[in-house]
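Beneath this line is the structure, given in structure tokens, with notes to follow.
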Amino acid sequence: MNNFSKSDQIFNIVLYTIMAVFGFIVLYPFIYLLAVSLNEGMDALKGGIYFFPRRFSLENYLIIFNDKRLLNATFISVARTVVGTLASLICTSLVAYAFTKKDLIGRKIYNTIFILPMYVTAGIIPNYLIYKMFGMTNTFWIYIIPNLTWAYFIIIMRTFFEDIPPAIQESAIIDGAGDFMIFVRIILPLSLPVIAAVALFNAVFQWNYWLDTILYAPRGKNLDTLISLLAKMLTEQQSGLISQAAATRKARFLTPEALRASMTMVTTLPIILVYPFLQKYFVKGIMIGAVKG
Amino acid sequence: MKGNMDHYLDRHPENLVISKPTRFQLFLKQKSIQLMVLPLVIWCIAMFYLPLFGNIIAFQDYKIHQGFLKSKFVGLKHFISFFTGNDCLLIIRNTLVISILQLIFGTVFAIVFAILLNEIRLLWFKKTVQTLSYLPYFISWAVCANLFITLLGDTGPINGLLVSFHIIDEPYLFLSKSELYWPIVTLQNIWKNMGFNAIIYIAAIVGISQELYEAAYVDGAGRLKRIWHITLPCIAPTIAVLLIMNSGQILIADFEQQFLMFNSSNMNVSEIISTYVYKIGLKAGQYSFATAVSMFQSIVSIIVVFAVNKVSKRISGIGLW
């Protein structure tokens with residue numbers, strides 16, 4: 001028996017070490033980038049930074065708020081997140097509410113129409129051509145219209161709405177409230193948790209997504225988001241940005257690496273701030289999606 | 001008061017003894033609800049089904065000014081020219097290698113992580129590790145690519161460590177070595193998605209009956225033995241279902257990742273079907289040819305899911321449908 005518990009102890013030591021190392025590996029890239037972003041650009045090129053900045057400087061951050069192009073990108077990032085999330089909340093909750101009505105004519109067909117795109121999607125070329133046909137390419141709407149709602153969110157919201165006791169609605173009907181009134185006055189106020197969850201998912205998606213800028217708004221004027229600029233810098237489509245930015249601010253020590261580091265931190269910080277709420281909801285969300293979907 | 005009563009009866013027609021209304025009458029009665037959903041149904045058809053129809057241009061010589069309906073039909077010309085072209089084998093090979101590596105290692109790591117996490121008894125430690133584990137899932141690919149490119153860069157900490165321990169004499173350009181590309185993107189994918197992928201396995205493990213473990217404990221099985229003989233067999237169905245579902249990704253790989261990690265020195269190993277479609281289609285404007293390539297990709301994906309499902313059903317009795 002003694003032998004048994006000894007092997008148990010070794011198992012525990014190995015287990016906790018592996019998990020601690022894993023936790024470090026997840027966190028370290030962010031710590032490093034934070035250190036680089038707070039370090040003077042030219043100095044960082046010498047290497048040797050591991051955890052803390054060596055020559056502290058806020059230059060890499062100030063440039064984002066002083067360069068016209070970067071400031072505009074920050075604005076587009078925020079605009080896209082706010083408008084996209086609001087639009088998606090309105091559309092998703094309307095459809096989800098309609099689906100709670102068992103006697104809705106065409107319910108089955110509508111349901112299939114919304115679910116199928118989860119599994120079958122057209123390629124990027126037909127998408128591009130259809131968006132172009134609707135005049136959405138190279139406009140701000142390319143960020144909003146294609147992302148109005150998503151079957152997965154509809155399922156999550158509908159599941160929540162269906163759990164609201166029908167008695168509450170019935171008493172409102174007796175009081176003469178119409179469907180829309182019931183939706184706005186009763187369903188929505190009772191569904192704040194699920195609304196918060198869907199809003200968070202949407203906001204994170206809108207804030208993080210950059211592929212649509214590159215695919216569907218390649219010639220959009222001032223449509224770049226912070227994250228799409230970062231992506232373009234990585235794919236070497238955007239080498240002009242750094243020299244422009246440096247010229248406007250006379251930022252002598254600015255380097256592409258340092259600018260990328262500070263852009264990374266600016267785009268990651270909001271995610272980390274909402275992360276505690278995000279992770280609370282999303283494990284639940286996955287389970288609902290897996291069971292009902 | 002009368003109005004209210006009417007309204008109530010509208011919603012509860014069973015209380016009225018009248019002839020059954022036609023579907024059209026019902027539709028008119030629920031017009032406020034229909035108004036909530038119909039515009040979005042139309043939106044959905046326009047955004048998702050019209051492009052599906054737009055795939056027709058794979059069989060045409062599509063010209064923008066002629067549109068979908070008037071462009072000339074050319075049959076399988078674009079498919080044939082893709083399969084007989086020089087790029088075909090290379091990009092299919094790259095796509096397959098990258099996605100199979102990610103499928104195998106991604107699954108193995110997620111399972112091992114889920115099992116290890118389940119063995120942790122310190123609750124706060126367990127929670128912290130799990131919370132950290134899916135943080136990278138919520139980080140944009142652009143950020144993730146930048147993290148890796150900076151970490152592996154010539155002035156980054158990995159080169160710094162290797163040089164200061166005299167393992168190498170001068171910084172090693174990890175990202176310029178095409179032979180390292182596949183391992184790097186596999187690791188990157190594990191870093192980003194392991195915690196997320198593990199969630200479903202963690203749920204499966206939590207669902208295992210504790211009696212099984214107690215019985216094994218009484219029989220003298222150590223922790224490793226219990227993992228091997230109880231945990232793994234119990235989550236085998238979950239593993240199978242997820243593998244079947246993910247098998248459809250085998251010709252898709254991760255477009256965002258490959259798009260960002262691509263550079264001129266690794267193009268012979270990083271060009272996958274999706275990035276090829278983007279370059280040939282959107283950048284070079286060969287819409288029809290690129291659509292044919294991406295259509296081939298989707299069709300094979302669907303066939304693979306059906307085939308794997310069938311084989312799995314025959315061998316183990318586990319299938320998606």
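By convention in this document, the chains of the structure tokens carry letters A, B, ... by their order, each chain's residues are numbered from 1, and ligands are numbered from 1 in the order they are shown.
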
Using only C-alpha atoms, find each residue of chain B with at least one atom at most 6 Å away from an atom of chain A; report its shortest atom-to-atom pair and that distance in Å (one decimal), sort the rows by chain and rising residue number, and return the result as a tab-separated table.
residue	atom	partner	partner_atom	distance
B:Asn4	CA	A:Gly176	CA	5.1
B:Tyr8	CA	A:Ile174	CA	5.9
B:Ile33	CA	A:Ala98	CA	5.8
B:Met36	CA	A:Leu94	CA	5.5
B:Val37	CA	A:Val95	CA	5.1
B:Pro51	CA	A:Pro126	CA	4.9
B:Leu52	CA	A:Ala122	CA	4.9
B:Gly54	CA	A:Pro126	CA	5.2
B:Asn55	CA	A:Pro126	CA	5.9
B:Val129	CA	A:Gly23	CA	6.0
B:Ser140	CA	A:Asn208	CA	4.9
B:Ala142	CA	A:Ala231	CA	5.2
B:Val143	CA	A:Thr264	CA	5.8
B:Leu147	CA	A:Pro29	CA	5.9
B:Thr155	CA	A:Gly47	CA	4.4
B:Pro157	CA	A:Tyr50	CA	5.9
B:Gly160	CA	A:Gly48	CA	5.9
B:Leu260	CA	A:Thr235	CA	5.9

Could you give me, as a compact mmCIF listing (two decimals) with N, CA and C atoms, in the first residue's frame, each residue of region 104-263 of chain A that DSSP assigns to alpha helix (DSSP H) when run on this structure's backbone?
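What landed in part_12.txt:
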# COMPACT_ATOMS: atom_id res chain seq x y z
N ARG A 107 -42.77 27.39 -40.09
CA ARG A 107 -41.73 27.26 -39.06
C ARG A 107 -40.65 26.27 -39.48
N LYS A 108 -41.09 25.12 -39.99
CA LYS A 108 -40.13 24.07 -40.36
C LYS A 108 -39.22 24.52 -41.49
N ILE A 109 -39.84 25.14 -42.51
CA ILE A 109 -39.05 25.58 -43.67
C ILE A 109 -38.06 26.66 -43.24
N TYR A 110 -38.54 27.63 -42.47
CA TYR A 110 -37.66 28.71 -42.00
C TYR A 110 -36.47 28.12 -41.23
N ASN A 111 -36.80 27.17 -40.36
CA ASN A 111 -35.78 26.55 -39.54
C ASN A 111 -34.68 25.93 -40.40
N THR A 112 -35.12 25.16 -41.41
CA THR A 112 -34.16 24.52 -42.30
C THR A 112 -33.33 25.57 -43.03
N ILE A 113 -34.01 26.63 -43.47
CA ILE A 113 -33.30 27.67 -44.22
C ILE A 113 -32.18 28.28 -43.37
N PHE A 114 -32.45 28.45 -42.06
CA PHE A 114 -31.41 29.05 -41.20
C PHE A 114 -30.33 28.05 -40.82
N ILE A 115 -30.70 26.78 -40.63
CA ILE A 115 -29.73 25.78 -40.13
C ILE A 115 -28.74 25.36 -41.22
N ILE A 124 -15.43 31.46 -51.39
CA ILE A 124 -15.25 32.90 -51.28
C ILE A 124 -15.55 33.62 -52.60
N ILE A 125 -15.36 32.96 -53.73
CA ILE A 125 -15.59 33.65 -55.00
C ILE A 125 -17.07 33.94 -55.24
N PRO A 126 -17.95 32.92 -55.15
CA PRO A 126 -19.38 33.24 -55.29
C PRO A 126 -19.83 34.25 -54.24
N ASN A 127 -19.35 34.13 -53.01
CA ASN A 127 -19.70 35.11 -51.99
C ASN A 127 -19.32 36.51 -52.45
N TYR A 128 -18.10 36.65 -52.92
CA TYR A 128 -17.61 37.95 -53.36
C TYR A 128 -18.50 38.51 -54.46
N LEU A 129 -18.83 37.64 -55.43
CA LEU A 129 -19.62 38.13 -56.57
C LEU A 129 -21.02 38.56 -56.15
N ILE A 130 -21.62 37.80 -55.21
CA ILE A 130 -22.96 38.17 -54.74
C ILE A 130 -22.90 39.47 -53.93
N TYR A 131 -21.91 39.58 -53.05
CA TYR A 131 -21.76 40.82 -52.27
C TYR A 131 -21.57 42.00 -53.22
N LYS A 132 -20.81 41.77 -54.27
CA LYS A 132 -20.55 42.82 -55.25
C LYS A 132 -21.84 43.22 -55.95
N MET A 133 -22.65 42.18 -56.29
CA MET A 133 -23.93 42.41 -56.94
C MET A 133 -24.81 43.33 -56.07
N TRP A 141 -20.71 48.21 -45.02
CA TRP A 141 -21.79 47.23 -44.82
C TRP A 141 -21.31 45.80 -44.95
N ILE A 142 -20.16 45.60 -45.59
CA ILE A 142 -19.66 44.24 -45.73
C ILE A 142 -19.35 43.63 -44.35
N TYR A 143 -19.16 44.49 -43.36
CA TYR A 143 -18.91 43.99 -42.01
C TYR A 143 -20.20 43.63 -41.28
N ILE A 144 -21.30 44.28 -41.69
CA ILE A 144 -22.54 44.16 -40.93
C ILE A 144 -23.51 43.16 -41.57
N ALA A 151 -27.27 30.78 -37.17
CA ALA A 151 -28.19 29.77 -36.65
C ALA A 151 -27.86 29.38 -35.21
N TYR A 152 -26.60 29.31 -34.93
CA TYR A 152 -26.14 28.91 -33.61
C TYR A 152 -26.68 29.84 -32.52
N PHE A 153 -26.62 31.15 -32.79
CA PHE A 153 -27.13 32.13 -31.83
C PHE A 153 -28.65 32.03 -31.70
N ILE A 154 -29.31 31.78 -32.85
CA ILE A 154 -30.77 31.66 -32.82
C ILE A 154 -31.16 30.50 -31.91
N ILE A 155 -30.43 29.38 -32.03
CA ILE A 155 -30.73 28.20 -31.21
C ILE A 155 -30.56 28.53 -29.73
N ILE A 156 -29.45 29.19 -29.40
CA ILE A 156 -29.20 29.51 -27.99
C ILE A 156 -30.30 30.42 -27.43
N MET A 157 -30.66 31.45 -28.21
CA MET A 157 -31.68 32.38 -27.73
C MET A 157 -33.04 31.71 -27.63
N ARG A 158 -33.40 30.93 -28.64
CA ARG A 158 -34.71 30.29 -28.63
C ARG A 158 -34.84 29.38 -27.41
N THR A 159 -33.76 28.63 -27.14
CA THR A 159 -33.78 27.73 -25.98
C THR A 159 -34.08 28.51 -24.71
N PHE A 160 -33.47 29.68 -24.60
CA PHE A 160 -33.69 30.49 -23.40
C PHE A 160 -35.12 31.02 -23.35
N PHE A 161 -35.60 31.57 -24.49
CA PHE A 161 -36.96 32.12 -24.54
C PHE A 161 -37.98 31.06 -24.17
N GLU A 162 -37.74 29.83 -24.62
CA GLU A 162 -38.73 28.77 -24.39
C GLU A 162 -38.84 28.41 -22.92
N PRO A 166 -44.83 30.25 -19.77
CA PRO A 166 -45.85 30.78 -20.68
C PRO A 166 -46.92 31.56 -19.95
N ALA A 167 -47.10 31.29 -18.66
CA ALA A 167 -48.15 32.00 -17.91
C ALA A 167 -47.93 33.51 -17.94
N ILE A 168 -46.66 33.93 -17.90
CA ILE A 168 -46.36 35.37 -17.92
C ILE A 168 -46.87 36.00 -19.21
N GLN A 169 -46.64 35.28 -20.32
CA GLN A 169 -47.08 35.81 -21.61
C GLN A 169 -48.60 35.82 -21.69
N GLU A 170 -49.22 34.76 -21.16
CA GLU A 170 -50.67 34.65 -21.29
C GLU A 170 -51.38 35.79 -20.57
N SER A 171 -50.86 36.14 -19.40
CA SER A 171 -51.52 37.23 -18.68
C SER A 171 -51.38 38.53 -19.46
N ALA A 172 -50.27 38.71 -20.17
CA ALA A 172 -50.10 39.91 -20.98
C ALA A 172 -51.06 39.92 -22.16
N ILE A 173 -51.27 38.71 -22.73
CA ILE A 173 -52.20 38.62 -23.85
C ILE A 173 -53.60 39.03 -23.40
N ILE A 174 -53.98 38.56 -22.21
CA ILE A 174 -55.30 38.93 -21.68
C ILE A 174 -55.39 40.43 -21.50
N ASP A 179 -48.01 40.88 -30.08
CA ASP A 179 -46.79 40.06 -30.08
C ASP A 179 -45.54 40.89 -29.87
N PHE A 180 -45.51 42.04 -30.59
CA PHE A 180 -44.30 42.86 -30.52
C PHE A 180 -44.13 43.44 -29.12
N MET A 181 -45.27 43.84 -28.55
CA MET A 181 -45.27 44.40 -27.19
C MET A 181 -44.75 43.35 -26.20
N ILE A 182 -45.25 42.13 -26.31
CA ILE A 182 -44.82 41.05 -25.42
C ILE A 182 -43.32 40.83 -25.56
N LEU A 188 -37.73 40.27 -23.70
CA LEU A 188 -36.37 40.84 -23.65
C LEU A 188 -35.88 41.14 -22.23
N PRO A 189 -36.69 41.82 -21.39
CA PRO A 189 -36.17 42.10 -20.04
C PRO A 189 -35.88 40.84 -19.23
N LEU A 190 -36.58 39.75 -19.54
CA LEU A 190 -36.35 38.51 -18.79
C LEU A 190 -35.17 37.71 -19.34
N LEU A 192 -32.00 38.91 -20.20
CA LEU A 192 -30.74 39.66 -20.22
C LEU A 192 -29.50 38.75 -20.21
N PRO A 193 -29.48 37.64 -19.47
CA PRO A 193 -28.27 36.81 -19.49
C PRO A 193 -27.94 36.30 -20.89
N VAL A 194 -28.94 35.80 -21.60
CA VAL A 194 -28.65 35.23 -22.92
C VAL A 194 -28.33 36.35 -23.91
N ILE A 195 -28.95 37.51 -23.72
CA ILE A 195 -28.62 38.64 -24.59
C ILE A 195 -27.17 39.06 -24.37
N ALA A 196 -26.76 39.10 -23.11
CA ALA A 196 -25.37 39.44 -22.82
C ALA A 196 -24.42 38.44 -23.44
N ALA A 197 -24.78 37.16 -23.36
CA ALA A 197 -23.90 36.13 -23.91
C ALA A 197 -23.75 36.28 -25.42
N VAL A 198 -24.89 36.40 -26.12
CA VAL A 198 -24.83 36.52 -27.58
C VAL A 198 -24.12 37.81 -27.97
N ALA A 199 -24.37 38.89 -27.22
CA ALA A 199 -23.69 40.15 -27.52
C ALA A 199 -22.18 39.99 -27.40
N LEU A 200 -21.74 39.31 -26.35
CA LEU A 200 -20.31 39.13 -26.16
C LEU A 200 -19.68 38.34 -27.31
N PHE A 201 -20.32 37.23 -27.67
CA PHE A 201 -19.78 36.42 -28.77
C PHE A 201 -19.67 37.24 -30.04
N ASN A 202 -20.75 37.98 -30.33
CA ASN A 202 -20.76 38.81 -31.53
C ASN A 202 -19.67 39.85 -31.49
N ALA A 203 -19.55 40.52 -30.35
CA ALA A 203 -18.58 41.60 -30.23
C ALA A 203 -17.17 41.05 -30.42
N VAL A 204 -16.89 39.91 -29.81
CA VAL A 204 -15.56 39.33 -29.94
C VAL A 204 -15.29 38.96 -31.40
N PHE A 205 -16.30 38.37 -32.05
CA PHE A 205 -16.13 38.02 -33.45
C PHE A 205 -15.84 39.26 -34.29
N GLN A 206 -16.69 40.31 -34.13
CA GLN A 206 -16.52 41.51 -34.95
C GLN A 206 -15.18 42.18 -34.68
N TRP A 207 -14.78 42.20 -33.44
CA TRP A 207 -13.52 42.85 -33.07
C TRP A 207 -12.33 42.09 -33.65
N ASN A 208 -12.42 40.77 -33.67
CA ASN A 208 -11.30 39.93 -34.06
C ASN A 208 -11.19 39.67 -35.56
N LEU A 211 -10.58 38.78 -42.02
CA LEU A 211 -10.52 38.17 -43.35
C LEU A 211 -11.47 38.87 -44.32
N ASP A 212 -12.63 39.33 -43.82
CA ASP A 212 -13.57 39.98 -44.74
C ASP A 212 -13.02 41.30 -45.27
N THR A 213 -12.20 41.98 -44.47
CA THR A 213 -11.58 43.20 -44.99
C THR A 213 -10.70 42.87 -46.19
N ILE A 214 -9.92 41.80 -46.04
CA ILE A 214 -8.97 41.46 -47.09
C ILE A 214 -9.67 40.84 -48.30
N LEU A 215 -10.69 40.01 -48.06
CA LEU A 215 -11.36 39.34 -49.16
C LEU A 215 -12.34 40.26 -49.87
N TYR A 216 -13.17 40.96 -49.10
CA TYR A 216 -14.32 41.64 -49.70
C TYR A 216 -14.21 43.16 -49.69
N LEU A 226 -8.05 47.79 -36.99
CA LEU A 226 -6.73 47.59 -36.39
C LEU A 226 -6.21 46.20 -36.72
N ILE A 227 -7.10 45.23 -36.57
CA ILE A 227 -6.68 43.85 -36.72
C ILE A 227 -6.36 43.53 -38.18
N SER A 228 -7.09 44.17 -39.12
CA SER A 228 -6.79 43.88 -40.53
C SER A 228 -5.48 44.56 -40.93
N LEU A 229 -5.19 45.71 -40.33
CA LEU A 229 -3.89 46.34 -40.59
C LEU A 229 -2.76 45.44 -40.08
N LEU A 230 -2.98 44.86 -38.89
CA LEU A 230 -1.98 43.95 -38.33
C LEU A 230 -1.78 42.77 -39.28
N ALA A 231 -2.89 42.21 -39.77
CA ALA A 231 -2.79 41.08 -40.70
C ALA A 231 -2.05 41.50 -41.96
N LYS A 232 -2.34 42.69 -42.46
CA LYS A 232 -1.67 43.14 -43.67
C LYS A 232 -0.18 43.36 -43.45
N MET A 233 0.17 43.85 -42.24
CA MET A 233 1.60 44.02 -41.94
C MET A 233 2.30 42.68 -41.95
N LEU A 234 1.61 41.66 -41.42
CA LEU A 234 2.22 40.34 -41.36
C LEU A 234 2.41 39.74 -42.74
N SER A 239 3.83 47.59 -46.14
CA SER A 239 5.13 48.07 -45.68
C SER A 239 5.18 49.59 -45.63
N GLY A 240 4.27 50.24 -46.37
CA GLY A 240 4.27 51.70 -46.38
C GLY A 240 3.84 52.31 -45.05
N LEU A 241 3.03 51.56 -44.32
CA LEU A 241 2.43 52.09 -43.09
C LEU A 241 3.48 52.59 -42.11
N ILE A 242 4.52 51.78 -41.93
CA ILE A 242 5.49 52.09 -40.89
C ILE A 242 6.24 53.37 -41.20
N SER A 243 6.63 53.56 -42.48
CA SER A 243 7.40 54.75 -42.80
C SER A 243 6.51 56.00 -42.71
N GLN A 244 5.23 55.82 -43.13
CA GLN A 244 4.28 56.93 -43.01
C GLN A 244 4.11 57.33 -41.55
N ALA A 245 3.86 56.30 -40.73
CA ALA A 245 3.62 56.55 -39.31
C ALA A 245 4.84 57.22 -38.69
N ALA A 246 6.00 56.72 -39.05
CA ALA A 246 7.22 57.27 -38.48
C ALA A 246 7.40 58.73 -38.90
N ALA A 247 7.05 59.03 -40.16
CA ALA A 247 7.25 60.38 -40.66
C ALA A 247 6.33 61.37 -39.96
N THR A 248 5.06 60.96 -39.74
CA THR A 248 4.11 61.91 -39.17
C THR A 248 4.47 62.26 -37.73
N ARG A 249 5.04 61.33 -37.00
CA ARG A 249 5.26 61.56 -35.57
C ARG A 249 6.73 61.80 -35.27
N PRO A 256 8.82 48.06 -37.29
CA PRO A 256 7.60 47.27 -37.56
C PRO A 256 7.27 46.32 -36.41
N GLU A 257 8.31 45.69 -35.84
CA GLU A 257 8.07 44.74 -34.76
C GLU A 257 7.39 45.42 -33.56
N ALA A 258 7.90 46.60 -33.22
CA ALA A 258 7.36 47.30 -32.06
C ALA A 258 5.94 47.76 -32.31
N LEU A 259 5.67 48.26 -33.52
CA LEU A 259 4.32 48.72 -33.84
C LEU A 259 3.35 47.54 -33.81
N ARG A 260 3.81 46.41 -34.38
CA ARG A 260 2.96 45.22 -34.37
C ARG A 260 2.68 44.79 -32.93
N ALA A 261 3.68 44.90 -32.08
CA ALA A 261 3.49 44.50 -30.68
C ALA A 261 2.44 45.38 -30.00
N SER A 262 2.53 46.70 -30.22
CA SER A 262 1.56 47.56 -29.53
C SER A 262 0.17 47.39 -30.14
N MET A 263 0.10 47.16 -31.46
CA MET A 263 -1.22 46.91 -32.07
C MET A 263 -1.81 45.62 -31.51

Q: Provide the CA of Gln257 (chain B) to CA of Ala58 (chain B) distance in Å, to one decimal place.
A: 26.1 Å

Q) Expressed in Å to a single decimal, how great is the separation between CA of Ile302 (chain B) and CA of Ile139 (chain B)? A) 29.0 Å

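Between Ile186 (chain A) and the residues A:Asn72, A:Pro165, A:Val83, A:Asp67, the shortest atom-to-atom distance, using only C-alpha atoms, involves A:Pro165.
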
Q | Backbone-only DSSP, strand (DSSP E) members of region 1-248 of chain B, as a list in words | A |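 Of region 1-248 of chain B, only Gln60, Asp61, Lys72 and Phe73 of chain B fall in strand (DSSP E).
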
Prev. selection, N, CA and C atoms, output as an mmCIF file, in the first residue's frame:
data_model
loop_
_atom_site.group_PDB
_atom_site.id
_atom_site.type_symbol
_atom_site.label_atom_id
_atom_site.label_comp_id
_atom_site.auth_asym_id
_atom_site.auth_seq_id
_atom_site.Cartn_x
_atom_site.Cartn_y
_atom_site.Cartn_z
ATOM 1 N N GLN B 60 -18.712 27.759 -66.166
ATOM 2 C CA GLN B 60 -18.832 28.801 -67.187
ATOM 3 C C GLN B 60 -17.496 29.494 -67.407
ATOM 4 N N ASP B 61 -17.459 30.301 -68.473
ATOM 5 C CA ASP B 61 -16.379 31.282 -68.562
ATOM 6 C C ASP B 61 -16.977 32.591 -68.085
ATOM 7 N N LYS B 72 -20.871 32.154 -70.861
ATOM 8 C CA LYS B 72 -20.867 30.946 -71.703
ATOM 9 C C LYS B 72 -20.562 29.701 -70.881
ATOM 10 N N PHE B 73 -21.320 28.638 -71.085
ATOM 11 C CA PHE B 73 -21.056 27.375 -70.393
ATOM 12 C C PHE B 73 -19.917 26.627 -71.077
#

Q: Name all residues at most 7 Å from region 84-100 of chain B (count only C-alpha atoms; drop same-chain ones fewer than 6 positions away) and give them as a list in words.
A: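 Contacts, with the query itself left out: Trp182, Ile250, Leu251, Ile252, Ala253, Val269, Ser270, Glu271, Ile272 and Ile273 of chain B.
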
Write out as an mmCIF file with N, CA and C atoms, in the first residue's frame which residues come within 8 Å of region 165-174 of chain B when counting only C-alpha atoms, dropping same-chain ones fewer than 2 positions away.
data_model
loop_
_atom_site.group_PDB
_atom_site.id
_atom_site.type_symbol
_atom_site.label_atom_id
_atom_site.label_comp_id
_atom_site.auth_asym_id
_atom_site.auth_seq_id
_atom_site.Cartn_x
_atom_site.Cartn_y
_atom_site.Cartn_z
ATOM 1 N N LEU B 152 9.414 33.664 -32.533
ATOM 2 C CA LEU B 152 10.392 32.863 -33.269
ATOM 3 C C LEU B 152 11.336 33.715 -34.097
ATOM 4 N N GLY B 153 11.146 35.030 -34.042
ATOM 5 C CA GLY B 153 11.983 35.920 -34.839
ATOM 6 C C GLY B 153 13.441 35.899 -34.403
ATOM 7 N N ASP B 154 14.313 36.529 -35.176
ATOM 8 C CA ASP B 154 15.744 36.423 -34.868
ATOM 9 C C ASP B 154 16.138 37.180 -33.599
ATOM 10 N N THR B 155 15.306 38.147 -33.163
ATOM 11 C CA THR B 155 15.619 38.806 -31.895
ATOM 12 C C THR B 155 14.703 38.335 -30.774
ATOM 13 N N ASN B 159 15.196 32.368 -29.748
ATOM 14 C CA ASN B 159 16.561 32.464 -30.253
ATOM 15 C C ASN B 159 17.506 32.970 -29.179
ATOM 16 N N GLY B 160 17.027 33.924 -28.377
ATOM 17 C CA GLY B 160 17.842 34.478 -27.305
ATOM 18 C C GLY B 160 18.302 33.401 -26.338
ATOM 19 N N LEU B 161 17.357 32.537 -25.919
ATOM 20 C CA LEU B 161 17.689 31.455 -24.998
ATOM 21 C C LEU B 161 18.673 30.473 -25.621
ATOM 22 N N LEU B 162 18.366 30.071 -26.858
ATOM 23 C CA LEU B 162 19.209 29.072 -27.527
ATOM 24 C C LEU B 162 20.631 29.578 -27.682
ATOM 25 N N VAL B 163 20.753 30.884 -27.996
ATOM 26 C CA VAL B 163 22.102 31.438 -28.172
ATOM 27 C C VAL B 163 22.828 31.542 -26.828
ATOM 28 N N SER B 176 11.889 30.890 -41.906
ATOM 29 C CA SER B 176 12.355 30.836 -43.290
ATOM 30 C C SER B 176 12.696 29.414 -43.710
ATOM 31 N N LYS B 177 12.612 28.477 -42.759
ATOM 32 C CA LYS B 177 12.944 27.086 -43.086
ATOM 33 C C LYS B 177 11.678 26.349 -43.472
ATOM 34 N N LEU B 180 10.530 23.361 -41.436
ATOM 35 C CA LEU B 180 9.952 23.561 -40.099
ATOM 36 C C LEU B 180 8.520 24.090 -40.146
#
